[in-house]
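The file coords_1.cif contains mmCIF, C-alpha atoms and all ligand atoms:
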```cif
data_work
loop_
_atom_site.label_atom_id
_atom_site.label_comp_id
_atom_site.auth_asym_id
_atom_site.auth_seq_id
_atom_site.Cartn_x
_atom_site.Cartn_y
_atom_site.Cartn_z
CA MET A 64 62.21 -20.08 22.25
CA ILE A 65 63.77 -17.75 24.79
CA THR A 66 66.27 -15.41 23.15
CA THR A 67 69.00 -13.36 24.79
CA PRO A 68 67.67 -9.83 25.41
CA ALA A 69 69.63 -7.13 23.60
CA VAL A 70 69.70 -4.62 26.46
CA GLY A 71 72.26 -1.84 26.21
CA GLU A 72 74.48 -0.35 28.87
CA LEU A 73 72.71 1.79 31.49
CA VAL A 74 73.03 5.47 30.58
CA PRO A 75 70.49 7.49 32.58
CA PRO A 76 69.86 11.08 31.44
CA ASN A 77 71.58 13.75 33.50
CA ARG A 78 68.55 15.39 35.13
CA THR A 79 68.32 18.20 37.64
CA LEU A 80 65.78 16.92 40.15
CA MET A 81 63.45 19.62 41.47
CA GLY A 82 60.29 17.61 41.77
CA PRO A 83 58.72 16.13 44.91
CA GLY A 84 61.62 13.66 45.30
CA PRO A 85 64.01 12.10 44.73
CA SER A 86 66.30 15.12 44.88
CA ASP A 87 69.81 15.32 43.42
CA VAL A 88 72.22 13.12 45.34
CA HIS A 89 75.46 14.60 46.65
CA PRO A 90 78.53 13.07 44.92
CA ARG A 91 79.91 11.98 48.29
CA VAL A 92 76.79 9.92 48.90
CA LEU A 93 77.08 8.27 45.49
CA ARG A 94 80.72 7.44 46.26
CA ALA A 95 79.81 5.96 49.65
CA MET A 96 77.31 3.68 47.92
CA SER A 97 79.91 2.25 45.61
CA THR A 98 82.31 1.19 48.39
CA PRO A 99 82.72 -2.55 49.12
CA LEU A 100 80.07 -4.47 51.02
CA VAL A 101 80.70 -5.95 54.44
CA GLY A 102 78.45 -8.42 56.20
CA HIS A 103 75.43 -7.02 58.02
CA LEU A 104 76.86 -8.36 61.33
CA ASP A 105 80.50 -7.47 60.59
CA PRO A 106 82.02 -5.62 63.56
CA SER A 107 82.74 -2.70 61.21
CA PHE A 108 79.09 -2.60 60.17
CA ILE A 109 77.94 -2.54 63.81
CA GLU A 110 80.04 0.63 64.14
CA ILE A 111 78.39 2.05 61.03
CA MET A 112 74.96 1.28 62.47
CA ASN A 113 75.89 3.14 65.66
CA ASP A 114 77.09 6.12 63.61
CA VAL A 115 73.85 6.22 61.64
CA GLN A 116 71.76 6.14 64.81
CA GLU A 117 73.78 8.90 66.43
CA LEU A 118 73.60 11.10 63.32
CA MET A 119 69.89 10.43 62.92
CA ARG A 120 69.22 11.57 66.49
CA TYR A 121 71.06 14.79 65.73
CA VAL A 122 69.02 15.47 62.60
CA PHE A 123 65.69 14.59 64.25
CA ARG A 124 66.69 16.71 67.30
CA THR A 125 65.99 13.91 69.74
CA ASP A 126 67.55 11.80 72.46
CA ASN A 127 65.28 8.88 71.56
CA GLN A 128 67.17 5.62 71.91
CA TRP A 129 64.75 4.15 69.35
CA THR A 130 66.06 5.85 66.25
CA ILE A 131 66.75 3.60 63.26
CA PRO A 132 66.75 3.43 59.47
CA VAL A 133 63.94 1.19 58.25
CA SER A 134 64.77 -0.93 55.19
CA GLY A 135 62.67 0.51 52.38
CA THR A 136 61.39 3.88 51.17
CA GLY A 137 59.54 6.50 53.20
CA SER A 138 56.37 4.43 53.01
CA ALA A 139 58.23 1.64 54.83
CA SER A 140 59.09 3.85 57.81
CA MET A 141 55.50 5.16 57.63
CA GLU A 142 54.05 1.66 57.77
CA THR A 143 56.44 0.70 60.57
CA ALA A 144 55.26 3.68 62.61
CA ILE A 145 51.56 3.15 62.05
CA GLY A 146 51.56 -0.64 61.96
CA ASN A 147 53.33 -0.91 65.30
CA LEU A 148 51.65 1.92 67.15
CA VAL A 149 48.06 1.14 66.15
CA GLU A 150 46.40 -1.91 67.69
CA PRO A 151 43.21 -3.44 66.29
CA GLY A 152 40.15 -1.60 67.58
CA GLU A 153 41.97 1.65 68.35
CA THR A 154 40.78 4.96 66.97
CA VAL A 155 43.19 6.85 64.71
CA LEU A 156 42.74 10.52 63.82
CA VAL A 157 44.23 11.56 60.47
CA PRO A 158 44.07 14.74 58.35
CA SER A 159 42.13 14.99 55.09
CA ASN A 160 44.04 17.98 53.65
CA GLY A 161 46.47 16.11 51.42
CA TYR A 162 47.47 12.94 49.68
CA PHE A 163 49.67 11.51 52.44
CA GLY A 164 47.03 11.84 55.15
CA GLY A 165 45.01 9.51 52.95
CA ARG A 166 47.88 7.02 52.85
CA MET A 167 48.07 7.20 56.65
CA ALA A 168 44.38 6.35 56.82
CA SER A 169 44.82 3.30 54.56
CA MET A 170 47.70 2.03 56.67
CA ALA A 171 45.81 2.60 59.93
CA GLU A 172 42.82 0.68 58.58
CA ARG A 173 45.03 -2.23 57.53
CA ALA A 174 46.48 -2.22 61.05
CA GLY A 175 42.93 -2.77 62.33
CA GLY A 176 42.33 0.79 63.46
CA THR A 177 39.12 2.78 63.14
CA VAL A 178 39.91 5.93 61.17
CA VAL A 179 38.35 9.30 61.93
CA ARG A 180 39.29 12.54 60.21
CA VAL A 181 40.03 16.16 60.91
CA ASP A 182 39.32 18.26 57.84
CA ALA A 183 41.00 21.18 56.16
CA PRO A 184 40.98 22.05 52.45
CA TRP A 185 43.85 20.82 50.27
CA GLY A 186 46.40 23.64 50.37
CA GLU A 187 45.72 24.67 53.98
CA PRO A 188 47.14 23.42 57.28
CA LEU A 189 45.09 21.91 60.13
CA ASP A 190 43.53 24.40 62.49
CA SER A 191 44.18 23.75 66.21
CA ALA A 192 40.52 24.34 67.07
CA ASP A 193 39.44 21.69 64.57
CA VAL A 194 41.95 19.22 65.99
CA GLN A 195 40.69 20.01 69.51
CA ALA A 196 37.08 19.44 68.38
CA ALA A 197 38.00 16.13 66.71
CA PHE A 198 39.68 14.98 69.93
CA ASP A 199 36.66 15.93 72.02
CA GLU A 200 34.34 14.13 69.65
CA HIS A 201 36.30 10.93 68.90
CA GLN A 202 38.84 10.47 71.74
CA PRO A 203 41.41 8.94 69.36
CA ASP A 204 44.24 6.75 70.65
CA VAL A 205 46.65 7.82 67.93
CA PHE A 206 46.85 11.13 66.03
CA GLY A 207 48.79 11.26 62.78
CA PHE A 208 49.60 14.45 60.93
CA VAL A 209 51.82 15.48 58.02
CA HIS A 210 54.43 18.07 58.94
CA ALA A 211 55.33 18.78 55.30
CA GLU A 212 52.55 17.79 52.89
CA THR A 213 54.35 17.15 49.60
CA SER A 214 51.10 17.03 47.62
CA THR A 215 50.10 20.61 48.51
CA GLY A 216 53.32 22.37 49.57
CA VAL A 217 51.91 23.09 53.03
CA ARG A 218 53.98 23.16 56.22
CA GLN A 219 51.94 22.44 59.36
CA PRO A 220 52.97 25.44 61.48
CA ASN A 221 51.38 24.77 64.91
CA VAL A 222 52.93 21.42 65.83
CA PRO A 223 53.55 22.08 69.57
CA GLU A 224 49.90 23.03 69.95
CA LEU A 225 48.75 19.87 68.20
CA THR A 226 50.91 17.61 70.37
CA ARG A 227 49.68 19.41 73.50
CA ILE A 228 46.06 18.73 72.53
CA ALA A 229 46.85 15.07 71.81
CA HIS A 230 48.73 14.52 75.05
CA ALA A 231 45.98 16.19 77.08
CA HIS A 232 43.85 13.32 75.71
CA ASP A 233 46.52 10.66 76.42
CA ALA A 234 46.96 9.99 72.70
CA TYR A 235 50.16 9.26 70.80
CA VAL A 236 51.34 11.57 68.03
CA VAL A 237 52.82 10.30 64.77
CA ALA A 238 54.40 12.92 62.50
CA ASP A 239 55.11 12.42 58.80
CA CYS A 240 58.37 14.32 58.38
CA VAL A 241 59.34 12.81 55.02
CA THR A 242 59.70 16.18 53.26
CA SER A 243 60.85 18.19 56.30
CA LEU A 244 63.67 16.17 57.90
CA GLY A 245 66.98 17.82 57.10
CA GLY A 246 65.41 20.77 55.26
CA VAL A 247 62.81 22.46 57.43
CA GLU A 248 62.87 23.21 61.16
CA LEU A 249 61.81 20.09 63.05
CA GLU A 250 62.24 19.54 66.80
CA VAL A 251 61.09 16.05 67.74
CA ASP A 252 61.86 16.37 71.47
CA ASP A 253 60.99 20.04 72.00
CA TRP A 254 57.73 19.64 70.12
CA ASP A 255 56.88 16.48 72.05
CA ILE A 256 56.35 14.23 69.01
CA ASP A 257 56.05 10.55 70.02
CA VAL A 258 56.89 8.99 66.66
CA ALA A 259 58.41 10.66 63.60
CA TYR A 260 59.34 9.06 60.30
CA ALA A 261 61.00 10.36 57.15
CA GLY A 262 62.51 9.30 53.86
CA PRO A 263 66.06 9.60 52.58
CA GLN A 264 65.41 10.92 49.06
CA LYS A 265 63.84 14.26 49.90
CA CYS A 266 65.79 16.83 51.98
CA LEU A 267 68.56 14.35 52.87
CA SER A 268 69.40 13.94 49.16
CA CYS A 269 70.14 10.27 49.46
CA PRO A 270 68.86 7.48 47.20
CA PRO A 271 65.71 5.76 48.50
CA GLY A 272 66.26 2.57 50.49
CA ALA A 273 66.80 3.21 54.21
CA SER A 274 64.29 5.49 55.93
CA PRO A 275 64.63 7.33 59.26
CA LEU A 276 62.28 6.50 62.13
CA THR A 277 62.33 7.61 65.76
CA LEU A 278 60.13 6.62 68.72
CA SER A 279 60.05 7.94 72.26
CA ASP A 280 60.39 5.47 75.15
CA ARG A 281 56.71 6.01 75.87
CA ALA A 282 55.76 5.05 72.31
CA MET A 283 58.14 2.08 72.32
CA ASP A 284 56.58 0.90 75.63
CA LYS A 285 53.21 0.85 73.87
CA VAL A 286 54.68 -1.11 70.97
CA LEU A 287 56.40 -3.64 73.24
CA SER A 288 53.28 -4.23 75.33
CA ARG A 289 50.94 -4.87 72.40
CA GLU A 290 48.28 -7.49 72.98
CA HIS A 291 48.52 -8.78 69.39
CA PRO A 292 51.73 -8.88 67.35
CA THR A 293 51.85 -6.30 64.58
CA ARG A 294 50.50 -7.72 61.29
CA SER A 295 53.75 -7.27 59.39
CA TRP A 296 56.63 -9.55 60.28
CA TYR A 297 59.18 -7.50 58.33
CA PHE A 298 58.30 -4.20 60.06
CA ASP A 299 57.69 -5.60 63.57
CA LEU A 300 59.68 -3.30 65.87
CA SER A 301 59.72 -5.89 68.66
CA LEU A 302 61.74 -8.12 66.28
CA LEU A 303 63.78 -5.29 64.76
CA GLU A 304 64.82 -4.48 68.32
CA GLY A 305 67.01 -7.59 68.18
CA TYR A 306 69.00 -6.15 65.27
CA TRP A 307 69.11 -2.44 66.08
CA GLY A 308 69.03 -2.79 69.91
CA ASP A 309 71.84 -4.10 72.13
CA GLU A 310 71.69 -7.67 70.88
CA ARG A 311 72.60 -7.10 67.18
CA SER A 312 71.28 -10.44 66.01
CA TYR A 313 70.01 -11.31 62.53
CA HIS A 314 66.50 -10.26 61.55
CA HIS A 315 66.86 -9.45 57.85
CA THR A 316 69.88 -8.42 55.82
CA ALA A 317 70.25 -4.65 56.09
CA PRO A 318 70.52 -2.86 52.74
CA ILE A 319 74.24 -2.30 53.32
CA SER A 320 74.87 0.20 50.50
CA ASN A 321 71.81 2.23 51.48
CA VAL A 322 73.02 2.36 55.07
CA TYR A 323 76.41 3.62 53.81
CA ALA A 324 74.53 6.20 51.77
CA ILE A 325 72.40 7.53 54.58
CA ARG A 326 75.41 7.64 56.90
CA GLU A 327 77.19 9.92 54.42
CA ALA A 328 74.05 11.98 53.76
CA LEU A 329 73.55 12.52 57.51
CA ARG A 330 77.23 13.31 57.94
CA LEU A 331 76.81 16.06 55.35
CA VAL A 332 73.96 17.49 57.44
CA ALA A 333 76.12 17.44 60.57
CA GLU A 334 79.01 19.12 58.72
CA GLU A 335 76.74 21.88 57.48
CA GLY A 336 74.99 22.17 60.85
CA ILE A 337 71.27 21.48 61.04
CA GLU A 338 70.26 25.11 61.68
CA ASN A 339 72.46 26.31 58.81
CA ARG A 340 70.82 23.76 56.59
CA TRP A 341 67.33 24.96 57.51
CA GLY A 342 68.62 28.49 56.80
CA ARG A 343 69.96 27.48 53.38
CA HIS A 344 66.60 25.98 52.42
CA LEU A 345 64.85 29.17 53.53
CA ARG A 346 67.23 31.35 51.54
CA VAL A 347 67.46 29.31 48.32
CA ALA A 348 63.77 28.40 48.25
CA GLY A 349 63.04 32.02 49.20
CA ALA A 350 64.88 33.08 46.03
CA LEU A 351 62.85 30.58 44.03
CA LYS A 352 59.62 31.89 45.55
CA ALA A 353 60.59 35.53 44.95
CA GLY A 354 61.60 34.66 41.38
CA VAL A 355 58.35 32.98 40.39
CA GLU A 356 56.27 35.61 42.18
CA ALA A 357 58.07 38.44 40.35
CA MET A 358 57.48 36.59 37.08
CA GLY A 359 53.79 36.95 37.88
CA LEU A 360 53.00 33.54 39.33
CA GLY A 361 51.50 32.93 42.76
CA LEU A 362 52.14 30.25 45.34
CA ASN A 363 49.15 28.21 46.45
CA PRO A 364 49.68 28.17 50.25
CA THR A 365 49.76 31.39 52.26
CA ASP A 366 53.17 32.58 53.51
CA ASP A 367 52.62 31.41 57.10
CA CYS A 368 52.47 27.77 56.00
CA TRP A 369 54.85 27.97 53.02
CA LEU A 370 57.00 24.85 52.75
CA PRO A 371 60.47 25.78 51.41
CA SER A 372 61.27 22.20 50.39
CA LEU A 373 58.19 21.94 48.14
CA ASN A 374 56.86 25.00 46.38
CA ALA A 375 53.31 24.73 45.07
CA VAL A 376 53.23 27.31 42.27
CA VAL A 377 49.86 28.11 40.71
CA ALA A 378 49.81 27.57 36.94
CA PRO A 379 48.56 30.69 35.10
CA ASP A 380 45.07 30.56 33.57
CA GLY A 381 44.96 28.94 30.17
CA ILE A 382 48.28 27.16 30.64
CA ASP A 383 48.58 23.41 30.36
CA ALA A 384 50.78 22.58 33.35
CA ASP A 385 51.68 19.12 32.06
CA ASP A 386 52.91 20.57 28.75
CA ALA A 387 55.16 23.00 30.62
CA ILE A 388 56.51 20.15 32.75
CA ASP A 389 57.29 18.14 29.61
CA TYR A 390 58.94 21.22 28.06
CA VAL A 391 61.43 21.80 30.89
CA LEU A 392 62.31 18.10 30.99
CA GLU A 393 62.88 17.96 27.25
CA HIS A 394 64.72 21.27 26.84
CA TYR A 395 66.53 21.61 30.16
CA ASP A 396 66.71 18.10 31.67
CA LEU A 397 64.86 19.63 34.61
CA GLU A 398 62.32 17.60 36.58
CA ILE A 399 59.37 19.33 38.25
CA ALA A 400 55.94 17.83 38.90
CA SER A 401 52.25 18.49 38.59
CA GLY A 402 49.63 18.65 41.34
CA LEU A 403 47.98 15.59 42.85
CA GLY A 404 44.38 14.90 43.79
CA ALA A 405 42.33 18.06 44.29
CA LEU A 406 45.18 20.18 42.87
CA ALA A 407 45.93 18.07 39.75
CA GLY A 408 46.61 20.31 36.73
CA ASP A 409 46.37 23.50 38.85
CA ILE A 410 49.84 23.71 40.36
CA PHE A 411 53.48 22.99 39.65
CA ARG A 412 55.24 21.18 42.48
CA ILE A 413 58.80 22.45 42.59
CA GLY A 414 61.10 20.82 45.08
CA CYS A 415 64.03 22.62 46.68
CA MET A 416 65.52 19.86 48.75
CA GLY A 417 68.95 19.06 50.11
CA TYR A 418 71.64 19.07 47.44
CA SER A 419 69.09 20.36 44.92
CA ALA A 420 68.64 23.52 47.02
CA ARG A 421 71.41 25.48 45.27
CA PRO A 422 71.37 28.91 43.62
CA GLU A 423 72.30 27.55 40.18
CA ASN A 424 69.25 25.28 40.26
CA VAL A 425 66.96 28.18 41.07
CA ALA A 426 68.42 30.16 38.16
CA LEU A 427 67.83 27.19 35.87
CA LEU A 428 64.27 26.83 37.14
CA VAL A 429 63.39 30.50 36.58
CA ALA A 430 64.86 30.42 33.06
CA ALA A 431 63.33 27.09 32.05
CA LEU A 432 59.88 27.57 33.52
CA GLY A 433 59.70 31.12 32.19
CA GLU A 434 60.54 29.91 28.69
CA ALA A 435 58.05 27.02 28.90
CA LEU A 436 55.27 29.41 29.90
CA GLU A 437 56.21 31.95 27.21
CA ALA A 438 56.14 29.13 24.66
CA GLN A 439 52.46 28.71 25.53
CA GLY A 440 51.84 32.43 25.20
CA ALA A 441 51.67 33.25 28.90
CA ASP A 442 52.43 36.81 29.97
CA VAL A 443 55.34 36.24 32.36
CA ASP A 444 58.17 38.65 33.17
CA VAL A 445 61.26 36.44 33.28
CA ALA A 446 63.67 39.37 33.68
CA ALA A 447 61.81 40.55 36.77
CA GLY A 448 61.98 36.97 38.07
CA PHE A 449 65.76 36.96 37.71
CA ASP A 450 66.11 40.32 39.44
CA ALA A 451 64.00 39.20 42.39
CA MET A 452 65.86 35.90 42.64
CA ARG A 453 69.24 37.66 42.60
CA GLY A 454 67.98 40.13 45.17
CA VAL A 455 67.36 37.32 47.65
CA LEU A 456 70.53 35.36 46.86
CA GLY A 457 72.64 38.51 46.98
CA ASP A 458 71.81 38.97 50.67
CA GLY A 459 73.50 35.73 51.64
C1 LIG A 501 57.44 10.87 49.57
C2 LIG A 501 56.52 10.87 50.75
C3 LIG A 501 56.10 9.69 51.40
C4 LIG A 501 56.41 8.32 50.88
O1 LIG A 501 57.72 8.07 50.67
P1 LIG A 501 58.20 7.02 49.54
O2 LIG A 501 59.67 7.10 49.67
O3 LIG A 501 57.66 7.48 48.24
O4 LIG A 501 57.68 5.69 49.92
C5 LIG A 501 55.33 9.82 52.54
N1 LIG A 501 54.95 11.03 53.01
C6 LIG A 501 55.31 12.18 52.40
C7 LIG A 501 54.86 13.48 52.98
C8 LIG A 501 56.10 12.13 51.26
O5 LIG A 501 56.45 13.26 50.65
#
```

Rewrite the coordinates I just gave you, this time as structure tokens.
Amino acid sequence: MITTPAVGELVPPNRTLMGPGPSDVHPRVLRAMSTPLVGHLDPSFIEIMNDVQELMRYVFRTDNQWTIPVSGTGSASMETAIGNLVEPGETVLVPSNGYFGGRMASMAERAGGTVVRVDAPWGEPLDSADVQAAFDEHQPDVFGFVHAETSTGVRQPNVPELTRIAHAHDAYVVADCVTSLGGVELEVDDWDIDVAYAGPQKCLSCPPGASPLTLSDRAMDKVLSREHPTRSWYFDLSLLEGYWGDERSYHHTAPISNVYAIREALRLVAEEGIENRWGRHLRVAGALKAGVEAMGLGLNPTDDCWLPSLNAVVAPDGIDADDAIDYVLEHYDLEIASGLGALAGDIFRIGCMGYSARPENVALLVAALGEALEAQGADVDVAAGFDAMRGVLGDG
């Protein structure tokens, strides 16, 4: 017999989200999501679509006509980028220095591509000379790299050099900007990136569901002149063109509330000013970094590839990182995460993204993490952490 489930009212805990995403959502974005639905072809929604595209171009720093939110999470915009750009039999160069380069490789293989790799250790960026050597050896058609590797806390610092190498070999460049867009300097046009994709729930502080994607005309020409249709119907840009291009005809029902949400989230970026927002991430995450360093902890990446939006903090010797993560969740409602892959158990991954990148969150983090480590007997100087943190925040 099927009985009626006794499921109570939804009461989620009130967490502070400083993990690898999602980040805390701005109250204005939550309000936008709870406004009434309109049809996905309603004249008012067409206006909203135009607004989103215009705002997205601003945040990506591009004039690309082909700038849209893809229905789904960051992996959806990622699969749209790779699935459309890569044709069966083409060679795709991807990095091996983090978790998301591996996901790129899987997607490129499923698209029928032949994957080759450029190596760097987890926790380090790609070296231009290695990328040059990989191009000379493999002559790839498509080069994918991760601008902000969320698994290691590494920012790829030499992007213009990488795109120059790729274009000298007539290849197309796909950039994973999921954890950089709206938080860390990113210049799609100036850096000559052909395709960039991102997610809403990292530095844009928006619930997951509609994910930014931008393609240059040159990249879109490649997509529209494919010999074989892309293997996914849902993510086929030649079909999505009908909905997001001039025609505005039905393809699939847009996730209306998520489009409202990203419109508001992008509007918040425009109000703050994109450069100011990058500056805020540098300052607030800089306070976090100074705080944990003064406590006696180190960051895993070197300063020249430090990623403000995701701080990879080395766990002290003899400390169980997962226990400390459980402690701050239980005692402070604070979410941080552990390392992935090669760095599992060795690092804390502490996000400082969008609406979560606020001084009060850094103060909470220093207090909570310090207490969690002391509870395990670690020799950390929490007072010095606070002083260093206040020193940085005091400047602003
Ligand atoms: C989070 C993330 C993704 C995947 O996004 P989802 O929203 O989890 O699908 C891809 N790349 C990077 C670098 C990420 O941080």

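We find atom CA of Ala261 of chain A and atom CA of Ser140 of chain A to be spaced 6.8 Å apart.
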
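Taking atom CA of Cys269 of chain A and atom CA of Ser214 of chain A as the two end points, the separation is 20.3 Å.
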
Task: Exercise answer, 7 Å around ligand LIG 501 (chain A) with only C-alpha atoms and all ligand atoms, as number ranges by chain - done: A: 83-84, 136-139, 141, 163, 209, 211-213, 239-242, 262, 264, 271

Could you write out the selected residues, including C-alpha atoms, as a tab-separated table (two decimals), keeping the file's coordinate frame?
```
chain	number	residue	atom	x	y	z
A	83	PRO	CA	58.72	16.13	44.91
A	84	GLY	CA	61.62	13.66	45.30
A	136	THR	CA	61.39	3.88	51.17
A	137	GLY	CA	59.54	6.50	53.20
A	138	SER	CA	56.37	4.43	53.01
A	139	ALA	CA	58.23	1.64	54.83
A	141	MET	CA	55.50	5.16	57.63
A	163	PHE	CA	49.67	11.51	52.44
A	209	VAL	CA	51.82	15.48	58.02
A	211	ALA	CA	55.33	18.78	55.30
A	212	GLU	CA	52.55	17.79	52.89
A	213	THR	CA	54.35	17.15	49.60
A	239	ASP	CA	55.11	12.42	58.80
A	240	CYS	CA	58.37	14.32	58.38
A	241	VAL	CA	59.34	12.81	55.02
A	242	THR	CA	59.70	16.18	53.26
A	262	GLY	CA	62.51	9.30	53.86
A	264	GLN	CA	65.41	10.92	49.06
A	271	PRO	CA	65.71	5.76	48.50
```

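Atom pair atom CA of Val332 of chain A / atom CA of Leu267 of chain A has a distance of 7.7 Å (rounded to one decimal).
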
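Using all atoms listed in the file, the shortest contact distance between Asn147 of chain A and any of A:Arg294, A:His89, A:Arg180, A:His201 is found at A:Arg294.
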
TODO: Rank nothing, just name the residue among A:Gly361, A:Val355, A:Asp182, A:Met416 nearest to Leu428 of chain A, using only C-alpha atoms.
DONE: A:Val355

Open item on the list: For Val157 of chain A, find every residue with an atom within 10 Å (counting all atoms listed in the file), except residues of its own chain fewer than 5 positions away, and show them as number ranges by chain.
Closed with: A: 163-168, 171, 178-182, 194, 197, 203, 205-209, 237

TODO: Determine, counting all atoms listed in the file, which protein, DNA and RNA residues have an atom within 7 Å of an atom of Gly246 of chain A; residues of the same chain fewer than 6 positions away are not included. Present the result as a ChimeraX atom specification.
DONE: /A:266,340-341,344,372,416-417

Next, the residues of the selection above should be written as a PDB file, in the coordinates of the input with C-alpha atoms.
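Result file follows (again02.pdb):
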```
ATOM      1  CA  CYS A 266      65.790  16.830  51.980  1.00  0.00           C
ATOM      2  CA  ARG A 340      70.820  23.760  56.590  1.00  0.00           C
ATOM      3  CA  TRP A 341      67.330  24.960  57.510  1.00  0.00           C
ATOM      4  CA  HIS A 344      66.600  25.980  52.420  1.00  0.00           C
ATOM      5  CA  SER A 372      61.270  22.200  50.390  1.00  0.00           C
ATOM      6  CA  MET A 416      65.520  19.860  48.750  1.00  0.00           C
ATOM      7  CA  GLY A 417      68.950  19.060  50.110  1.00  0.00           C
TER       8      GLY A 417
END
```

TODO: Tell me which protein, DNA and RNA residues are within 8 Å of Leu406 of chain A, counting all atoms listed in the file, leaving out same-chain ones fewer than 3 positions away, and put them as a list in words.
DONE: Trp185, Thr215, Gly402, Leu403, Asp409 and Ile410 of chain A

Export of prior selection with C-alpha atoms as a PDB file, keeping the file's coordinate frame:
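Full text of result-v7.pdb as output:
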```pdb
ATOM      1  CA  TRP A 185      43.850  20.820  50.270  1.00  0.00           C
ATOM      2  CA  THR A 215      50.100  20.610  48.510  1.00  0.00           C
ATOM      3  CA  GLY A 402      49.630  18.650  41.340  1.00  0.00           C
ATOM      4  CA  LEU A 403      47.980  15.590  42.850  1.00  0.00           C
ATOM      5  CA  ASP A 409      46.370  23.500  38.850  1.00  0.00           C
ATOM      6  CA  ILE A 410      49.840  23.710  40.360  1.00  0.00           C
TER       7      ILE A 410
END
```

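Closest approach to Lys265 of chain A from the set A:Leu370, A:Asp284, A:Gly381, A:Gly245 is made by A:Gly245, with distances taken over all atoms listed in the file.
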